[in-house]
$ cat final08.txt   # compact mmCIF, C-alpha atoms and all ligand atoms
# COMPACT_ATOMS: atom_id res chain seq x y z
CA MET A 226 -93.63 16.77 -17.13
CA ARG A 227 -93.90 13.19 -18.29
CA GLN A 228 -91.94 12.18 -21.35
CA PRO A 229 -94.02 12.55 -24.50
CA ARG A 230 -94.96 9.32 -26.20
CA SER A 231 -93.44 8.55 -29.56
CA ALA A 232 -95.79 8.96 -32.52
CA LYS A 233 -93.47 6.67 -34.46
CA ALA A 234 -93.94 3.85 -31.98
CA ASN A 235 -97.73 4.04 -32.14
CA PRO A 236 -100.26 3.80 -34.95
CA PHE A 237 -100.71 7.54 -34.88
CA PRO A 238 -103.77 9.13 -36.55
CA TYR A 239 -101.96 12.06 -38.15
CA ARG A 240 -105.08 13.45 -39.85
CA GLY A 241 -107.43 12.66 -36.98
CA SER A 242 -109.72 15.56 -36.25
CA LEU A 243 -109.12 15.25 -32.49
CA VAL A 244 -105.36 15.56 -32.82
CA CYS A 245 -104.04 18.96 -31.79
CA TYR A 246 -100.59 19.86 -33.09
CA LEU A 247 -98.28 22.16 -31.20
CA SER A 248 -94.96 23.58 -32.26
CA LEU A 249 -92.29 24.45 -29.73
CA ASP A 250 -89.66 26.92 -30.86
CA ALA A 251 -86.16 27.49 -29.50
CA ALA A 252 -87.41 30.34 -27.30
CA GLY A 253 -89.81 27.92 -25.62
CA SER A 254 -93.06 29.28 -26.97
CA LEU A 255 -95.83 26.91 -27.96
CA THR A 256 -98.00 27.60 -30.98
CA GLN A 257 -100.96 25.60 -32.21
CA VAL A 258 -100.61 24.22 -35.72
CA GLY A 259 -103.69 23.96 -37.92
CA HIS A 260 -104.71 20.89 -39.92
CA ASP A 261 -104.84 22.74 -43.23
CA PHE A 262 -102.25 21.95 -45.86
CA SER A 263 -100.30 25.21 -45.63
CA SER A 264 -100.02 25.04 -41.82
CA ALA A 265 -98.82 21.44 -42.03
CA ALA A 266 -96.37 22.28 -44.82
CA GLU A 267 -94.93 25.18 -42.81
CA ALA A 268 -94.66 23.06 -39.64
CA TYR A 269 -92.94 20.29 -41.58
CA ARG A 270 -90.48 22.73 -43.17
CA ARG A 271 -89.57 24.34 -39.83
CA ALA A 272 -89.34 21.02 -37.97
CA ALA A 273 -87.18 19.49 -40.71
CA ALA A 274 -84.93 22.57 -40.49
CA GLY A 275 -84.65 22.10 -36.72
CA GLU A 276 -86.33 25.44 -35.95
CA ILE A 277 -89.16 23.85 -34.02
CA ARG A 278 -90.13 20.57 -32.43
CA LEU A 279 -93.53 19.24 -33.24
CA TYR A 280 -95.86 17.71 -30.64
CA ALA A 281 -99.42 16.52 -30.66
CA VAL A 282 -102.10 16.07 -28.05
CA TRP A 283 -104.31 13.13 -28.88
CA PRO A 284 -107.26 12.93 -26.54
CA GLY A 285 -109.14 9.69 -26.25
CA GLU A 286 -107.45 6.39 -25.74
CA TYR A 287 -104.40 7.96 -24.09
CA SER A 288 -106.23 10.83 -22.45
CA SER A 289 -104.25 14.04 -22.35
CA ASP A 290 -101.06 12.33 -23.40
CA LEU A 291 -98.54 14.26 -25.36
CA PHE A 292 -96.87 12.78 -28.41
CA GLU A 293 -93.69 13.90 -30.05
CA ILE A 294 -93.92 13.85 -33.83
CA ASP A 295 -90.65 12.01 -34.25
CA ASP A 296 -91.40 10.66 -37.71
CA LEU A 297 -91.59 13.82 -39.79
CA ASN A 298 -91.83 11.82 -43.00
CA ALA A 299 -95.06 10.18 -41.82
CA PHE A 300 -96.40 13.60 -40.80
CA ALA A 301 -95.56 15.08 -44.21
CA ASP A 302 -96.98 12.08 -46.04
CA ALA A 303 -100.28 12.21 -44.14
CA PHE A 304 -100.81 15.81 -45.21
CA GLY A 305 -99.41 15.39 -48.72
CA VAL A 306 -96.51 17.75 -48.07
CA GLU A 307 -93.72 17.24 -50.59
CA ARG A 308 -90.50 16.04 -49.01
CA PRO A 309 -87.16 14.87 -50.34
CA ASP A 310 -87.58 11.22 -51.29
CA PRO A 311 -85.38 9.56 -53.90
CA HIS A 312 -87.64 6.47 -53.98
CA VAL A 313 -89.21 5.71 -57.35
CA HIS A 314 -92.14 3.28 -57.22
CA ASP A 315 -91.96 0.20 -59.35
CA LEU A 316 -95.58 -0.39 -60.29
CA ALA A 317 -97.50 -2.85 -62.35
CA TRP A 318 -100.92 -1.48 -63.27
CA THR A 319 -103.97 -2.36 -65.28
CA LEU A 320 -107.43 -0.93 -65.65
CA SER A 321 -109.71 -2.66 -63.18
CA PRO A 322 -112.20 -5.14 -64.66
CA MET A 323 -114.77 -2.95 -62.84
CA ASP A 324 -113.76 0.14 -64.82
CA ASP A 325 -116.51 1.43 -67.11
CA GLY A 326 -114.14 3.03 -69.61
CA THR A 327 -115.90 6.41 -69.61
CA SER A 328 -116.15 7.92 -66.13
CA ARG A 329 -113.94 10.88 -65.34
CA TYR A 330 -111.98 8.77 -62.87
CA ALA A 331 -110.73 5.39 -64.02
CA ASN A 332 -110.48 2.46 -61.61
CA VAL A 333 -106.89 1.31 -61.80
CA ASN A 334 -105.39 -1.77 -60.15
CA VAL A 335 -101.81 -1.32 -59.03
CA VAL A 336 -99.27 -3.72 -57.57
CA PHE A 337 -96.16 -2.35 -55.88
CA ARG A 338 -93.15 -4.33 -57.05
CA CYS A 339 -91.10 -1.97 -54.83
CA GLY A 340 -92.80 -3.28 -51.69
CA CYS A 341 -94.66 -0.07 -50.78
CA THR A 342 -98.12 -0.18 -49.27
CA LEU A 343 -101.01 2.24 -49.52
CA SER A 344 -103.42 3.51 -46.87
CA LYS A 345 -105.25 6.66 -45.96
CA GLN A 346 -102.07 7.69 -44.10
CA ASN A 347 -100.07 8.01 -47.30
CA ILE A 348 -102.54 8.31 -50.18
CA LYS A 349 -101.69 12.02 -50.53
CA LYS A 350 -97.99 11.25 -50.66
CA PHE A 351 -98.65 8.55 -53.23
CA ALA A 352 -100.72 11.01 -55.30
CA ASN A 353 -97.77 13.45 -55.28
CA ASP A 354 -95.41 10.62 -56.26
CA MET A 355 -97.65 9.56 -59.15
CA ARG A 356 -98.08 13.12 -60.39
CA ARG A 357 -94.30 13.39 -60.61
CA GLN A 358 -93.58 9.90 -61.81
CA MET A 359 -96.48 9.12 -64.15
CA GLY A 360 -98.33 12.41 -64.65
CA TRP A 361 -101.39 10.83 -63.03
CA ASN A 362 -103.99 12.75 -61.06
CA VAL A 363 -104.88 10.28 -58.29
CA ALA A 364 -108.03 10.85 -56.21
CA THR A 365 -107.19 11.10 -52.51
CA SER A 366 -110.69 11.40 -51.09
CA THR A 367 -111.28 7.67 -50.95
CA VAL A 368 -109.18 5.10 -49.16
CA PRO A 369 -107.75 2.72 -51.74
CA GLY A 370 -109.21 -0.77 -51.67
CA CYS A 371 -106.75 -3.60 -51.22
CA HIS A 372 -107.25 -7.21 -52.18
CA GLY A 373 -104.99 -10.13 -52.84
CA SER A 374 -104.34 -11.52 -56.27
CA ALA A 375 -103.89 -15.09 -57.47
CA ASP A 376 -100.11 -14.87 -57.18
CA GLY A 377 -100.29 -13.58 -53.62
CA SER A 378 -99.42 -9.94 -54.29
CA GLU A 379 -101.44 -7.10 -52.81
CA VAL A 380 -103.53 -5.30 -55.41
CA TYR A 381 -104.76 -1.79 -54.69
CA THR A 382 -107.61 -0.25 -56.60
CA ILE A 383 -107.12 3.49 -56.96
CA ARG A 384 -108.97 6.17 -58.88
CA VAL A 385 -107.02 8.10 -61.49
CA GLU A 386 -108.39 10.93 -63.59
CA ARG A 387 -108.75 9.18 -66.94
CA ARG A 388 -107.33 11.93 -69.13
CA THR A 389 -104.08 11.82 -67.11
CA LEU A 390 -103.54 8.11 -67.79
CA GLY A 391 -102.45 9.31 -71.23
CA HIS A 392 -100.57 7.24 -73.71
CA ALA A 393 -99.19 4.98 -71.01
CA ALA A 394 -102.54 3.16 -70.88
CA PRO A 395 -102.01 -0.57 -71.30
ZN ZN B 401 -92.53 2.31 -53.81
$ encode --input "final08.txt" --output "structure tokens"
Amino acid sequence: MRQPRSAKANPFPYRGSLVCYLSLDAAGSLTQVGHDFSSAAEAYRRAAAGEIRLYAVWPGEYSSDLFEIDDLNAFADAFGVERPDPHVHDLAWTLSPMDDGTSRYANVNVVFRCGCTLSKQNIKKFANDMRRQMGWNVATSTVPGCHGSADGSEVYTIRVERRTLGHAAP
């Protein structure tokens, strides 16, 4: 068998519908892993514990190639599985000028002073982080928009359930 490619070394579409995850246990049996949250959470837990190794078949560009999921953090983050992470974001945030002040979800502009970035690969992780850190309920169904600001920093517009912005509102 050829060596599996490294998912870490490639821009890997963790949540891509064509990606098929396989777990390999110590006894050598392969089991397919579903894309639902609980399957991903279980696979992450077992892989992090060293009980299984996680692989993925990604048809398409690299037809029939096998990838090893060698960045378990990225896998967990893509599916929004909680993982140990001592990082606390340092955020500056304001209501977007586009926010209407009444909709259930507020448009919030955030700048990461901590250097983090946001994409559809980690929006679920970010939502978990914000729930813990700020009590926010961040929408994960839309990819956050990113645009530059006058001082050169990246500004992301996210949607936060307005009632969870609470007293911290600027
Ligand atoms: Zn951060």
$ closest_residue --input "final08.txt" --among "A:Gly275, A:Val313, A:Glu307, A:Arg388" --to "Thr327 in chain A" --atoms "only C-alpha atoms"
A:Arg388
$ residues_around --input "final08.txt" --residues "Gly370 in chain A" --least-positions-apart "3" --cutoff "8 Å" --atoms "all atoms listed in the file" --output "ChimeraX atom specification"
/A:381-383
$ residues_near_ligand --input "final08.txt" --ligand "ligand ZN 401 (chain B)" --cutoff "9 Å" --atoms "all atoms listed in the file" --output "ChimeraX atom specification"
/A:312-316,337-342,351
$ atom_distance --input "final08.txt" --atom1 "CA of Ala268 in chain A" --atom2 "CA of Gly360 in chain A"
27.4 Å
$ residues_around --input "final08.txt" --residues "range 239-254 of chain A" --least-positions-apart "4" --cutoff "7 Å" --atoms "only C-alpha atoms" --output "PyMOL selection string"
chain A and resi 258+276-284+300+303
$ atom_distance --input "final08.txt" --atom1 "CA of Gly373 in chain A" --atom2 "CA of Val336 in chain A"
9.8 Å
$ closest_residue --input "final08.txt" --among "A:Ala364, A:Ala273, A:Ile294, A:Val333" --to "Ser321 in chain A" --atoms "only C-alpha atoms"
A:Val333
$ closest_residue --input "final08.txt" --among "A:Lys349, A:Arg384, A:Arg356, A:Arg308" --to "Met323 in chain A" --atoms "all atoms listed in the file"
A:Arg384
$ residues_around --input "final08.txt" --residues "Met359 in chain A" --least-positions-apart "2" --cutoff "12 Å" --atoms "all atoms listed in the file" --output "ChimeraX atom specification"
/A:313-316,318,351-357,361-363,385,389-394
$ closest_residue --input "final08.txt" --among "A:Glu386, A:Lys233, A:Gln228, A:Val335" --to "Pro369 in chain A" --atoms "only C-alpha atoms"
A:Val335
$ atom_distance --input "final08.txt" --atom1 "CA of Asn298 in chain A" --atom2 "CA of Ala274 in chain A"
13.0 Å
$ closest_residue --input "final08.txt" --among "A:Ala375, A:Thr319, A:Thr367, A:Ala272" --to "Asn334 in chain A" --atoms "all atoms listed in the file"
A:Thr319
$ closest_residue --input "final08.txt" --among "A:Arg387, A:Val368, A:Val306, A:Gly259" --to "Asn332 in chain A" --atoms "all atoms listed in the file"
A:Arg387
